[in-house]
Structure formats: C-alpha cells, structure tokens
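See structure below.
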Amino acid sequence: MNALDTMRALASTGEVMTVEPGEQIFASGEAGHCMYGLLEGSVMLSWNGDQGHEQINAGDVFGAGALVTSAHRRYGNAKAITPCKLLKMNREKFLFAVQESPMFALELLGSIDHRLRQLKDCTKG
C-alpha cells in the first residue's frame, strides 16, 4: 500500500474536503492545526509573496508543520489549481495512520524529501 492508498483508506472514516479551482485552502500567517493529504487534483503552494512556489499532486501532503510545531503559523499559501479532494488530518488522525500503517510515515518522508530536492535543484540555476 502506498501513501495515496493509505490516505484513501483513511478518507472513508476521515474528514474529506472538496475544494474548487482558485479556492484558498490556507494563507500565510494563519494558525495551523492540521495537515492535508491530496486525494485528487493539484494544489499550488506559494511563499515569500509568491516568489517561491510549488505544484503538488495527488498522493502528496502539505501543511505538515502544523503537526509538529505547537502554536504553528502557516509559512505560505495553499490554493487549489484544479477541483481537489483533501483529507484533513489532525495530529491524532496522523498518529493513527502511522500506527495502522508504519510505511505511511516512510512514504510521506520520501515524498517530502523528493519535493525538497526538486526545490533545491530549482534554486541552483
């Protein structure tokens, strides 16, 4: 089972949001209490006044800092590019997912690592 499969399984009992293109999911500076798993669609993450940006797709997660930092404030903005379905995961839901499927945590770390490497490669040019 991969991260997207795990998120889909969690979606059957979890909080799923439907977001329309152009709709803002969160904004820089807002308090963050959950992360999101992208079940369907594409989301644009942007920061530094939109100077930096990244498109993410189904199977990716974003907003994970909210689960590891108390009194978390969102660093950037998240906006739907296409119609999206999002799994909203608070800390309790995330820990449950990791307990039920330990590989979920490794898959998410792998996904985040891959995204960070891509961003670093973009800044080298």
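Order determines the names: the first chain of the structure tokens is A, the second B, and so forth; residues in each chain are numbered 1 upward, and ligands are numbered 1 upward as they are shown.
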
I'd like the neighbourhood of A:Lys88 as a ChimeraX atom specification, where a residue qualifies if any of its atoms comes within 8 Å (using only C-alpha atoms), though same-chain residues fewer than 6 positions away should be ignored. /A:14-17,34-37

Save out the residues we just selected, N, CA and C atoms, as a compact mmCIF listing (two decimals), in the first residue's frame.
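As written to disk, out.txt reads:
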```txt
# COMPACT_ATOMS: atom_id res chain seq x y z
N GLY A 14 -12.55 9.57 7.61
CA GLY A 14 -11.97 10.86 7.97
C GLY A 14 -12.74 12.04 7.41
N GLU A 15 -12.18 13.20 7.64
CA GLU A 15 -12.77 14.44 7.16
C GLU A 15 -12.21 14.77 5.79
N VAL A 16 -13.07 14.68 4.77
CA VAL A 16 -12.66 14.97 3.40
C VAL A 16 -13.29 16.29 2.98
N MET A 17 -12.45 17.14 2.41
CA MET A 17 -12.90 18.45 1.92
C MET A 17 -12.87 18.45 0.40
N CYS A 34 -3.72 21.30 11.35
CA CYS A 34 -3.85 20.04 10.63
C CYS A 34 -2.96 20.08 9.40
N MET A 35 -2.73 18.90 8.85
CA MET A 35 -2.08 18.81 7.54
C MET A 35 -3.11 18.24 6.58
N TYR A 36 -2.78 18.30 5.31
CA TYR A 36 -3.70 17.84 4.29
C TYR A 36 -3.03 16.79 3.42
N GLY A 37 -3.79 15.77 3.07
CA GLY A 37 -3.37 14.79 2.09
C GLY A 37 -4.18 15.03 0.83
```

Using only C-alpha atoms, which residues sit within 12 Å of A:Ala58 once same-chain residues fewer than 4 positions away are excluded, as an NGL selection string? :A and (2-5 or 7-8 or 36-43 or 62 or 80 or 82-87 or 111)

Stretch 3-95 of chain A: residues DSSP assigns to alpha helix (DSSP H), reported as a list in words: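 Those residues are Ala3, Leu4, Asp5, Thr6, Met7, Arg8, Ala9, Leu10, Ala11, Gly65, Ala66, Leu67, Val68, Arg91, Glu92, Lys93, Phe94 and Leu95 of chain A.
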
Residues within 6 Å of A:Ala78, only C-alpha atoms, excluding chain neighbours under 3 positions, as a list in words: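 Counting only the stated atoms, we get Gln24, Ile25, Phe26, Met44 and Leu45 of chain A.
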
DSSP on the backbone: which residues in chain A end up as strand (DSSP E or B)? Give the answer as a PyMOL selection string. chain A and resi 15-19+24-26+31+35-40+42-47+52-57+61-62+73+77-80+84-89

Report as a list in words all protein, DNA and RNA residues lying within 10 Å of A:Ser70, evaluated on only C-alpha atoms, omitting residues in the same chain fewer than 6 positions from it. Ala31, Gly32 and His33 of chain A

So that I can see what lies close to A:Leu106, please list as a count of residues only the residues with an atom at most 12 Å from it, counting only C-alpha atoms and leaving out residues fewer than 6 positions away in the same chain. 7

How many Å separate atom CA of A:Asn77 from atom CA of A:Ser28? 5.1 Å

Using only C-alpha atoms, which residue out of A:Tyr75, A:Ala105, A:Leu67, A:Gly29 lies closest to A:Glu92?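 For A:Glu92, the nearest of the candidates is A:Leu67.
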
Can you list, as a short mmCIF file (atom, residue, chain, number, x, y, z; two decimals) with all heavy atoms, in the first residue's frame, every protein, DNA or RNA residue that comes within 10 Å of A:Leu119 when you count only C-alpha atoms, leaving out same-chain residues fewer than 6 positions away?
```cif
data_model
loop_
_atom_site.label_atom_id
_atom_site.label_comp_id
_atom_site.auth_asym_id
_atom_site.auth_seq_id
_atom_site.Cartn_x
_atom_site.Cartn_y
_atom_site.Cartn_z
N GLY A 52 8.29 32.22 -4.40
CA GLY A 52 8.55 30.79 -4.44
C GLY A 52 7.24 30.05 -4.58
O GLY A 52 6.22 30.48 -4.04
N HIS A 53 7.24 28.97 -5.34
CA HIS A 53 6.01 28.20 -5.49
C HIS A 53 6.34 26.76 -5.88
O HIS A 53 7.42 26.46 -6.37
CB HIS A 53 5.07 28.84 -6.51
CG HIS A 53 5.68 28.91 -7.88
ND1 HIS A 53 6.48 29.95 -8.28
CD2 HIS A 53 5.61 28.07 -8.93
CE1 HIS A 53 6.87 29.75 -9.52
NE2 HIS A 53 6.36 28.61 -9.95
N GLU A 54 5.35 25.93 -5.63
CA GLU A 54 5.48 24.50 -5.93
C GLU A 54 4.09 23.95 -6.19
O GLU A 54 3.16 24.22 -5.44
CB GLU A 54 6.11 23.78 -4.74
CG GLU A 54 6.14 22.29 -4.85
CD GLU A 54 6.54 21.58 -3.55
OE1 GLU A 54 6.49 22.19 -2.47
OE2 GLU A 54 6.89 20.39 -3.64
N ASP A 113 11.01 14.51 1.04
CA ASP A 113 12.41 14.58 0.65
C ASP A 113 12.54 14.84 -0.85
O ASP A 113 13.33 15.69 -1.29
CB ASP A 113 13.14 13.29 1.03
CG ASP A 113 14.60 13.32 0.64
OD1 ASP A 113 15.36 14.14 1.21
OD2 ASP A 113 15.00 12.52 -0.24
#
```

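Distances here use only C-alpha atoms; by that measure, the residue among A:Ala11, A:Leu95, A:Gly76, A:Gly59 closest to A:Leu108 is A:Gly59.
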
Measuring between only C-alpha atoms, which one of A:Lys79, A:Asn90, A:Pro102, A:Leu116 shows the shortest distance to A:Glu20? A:Lys79
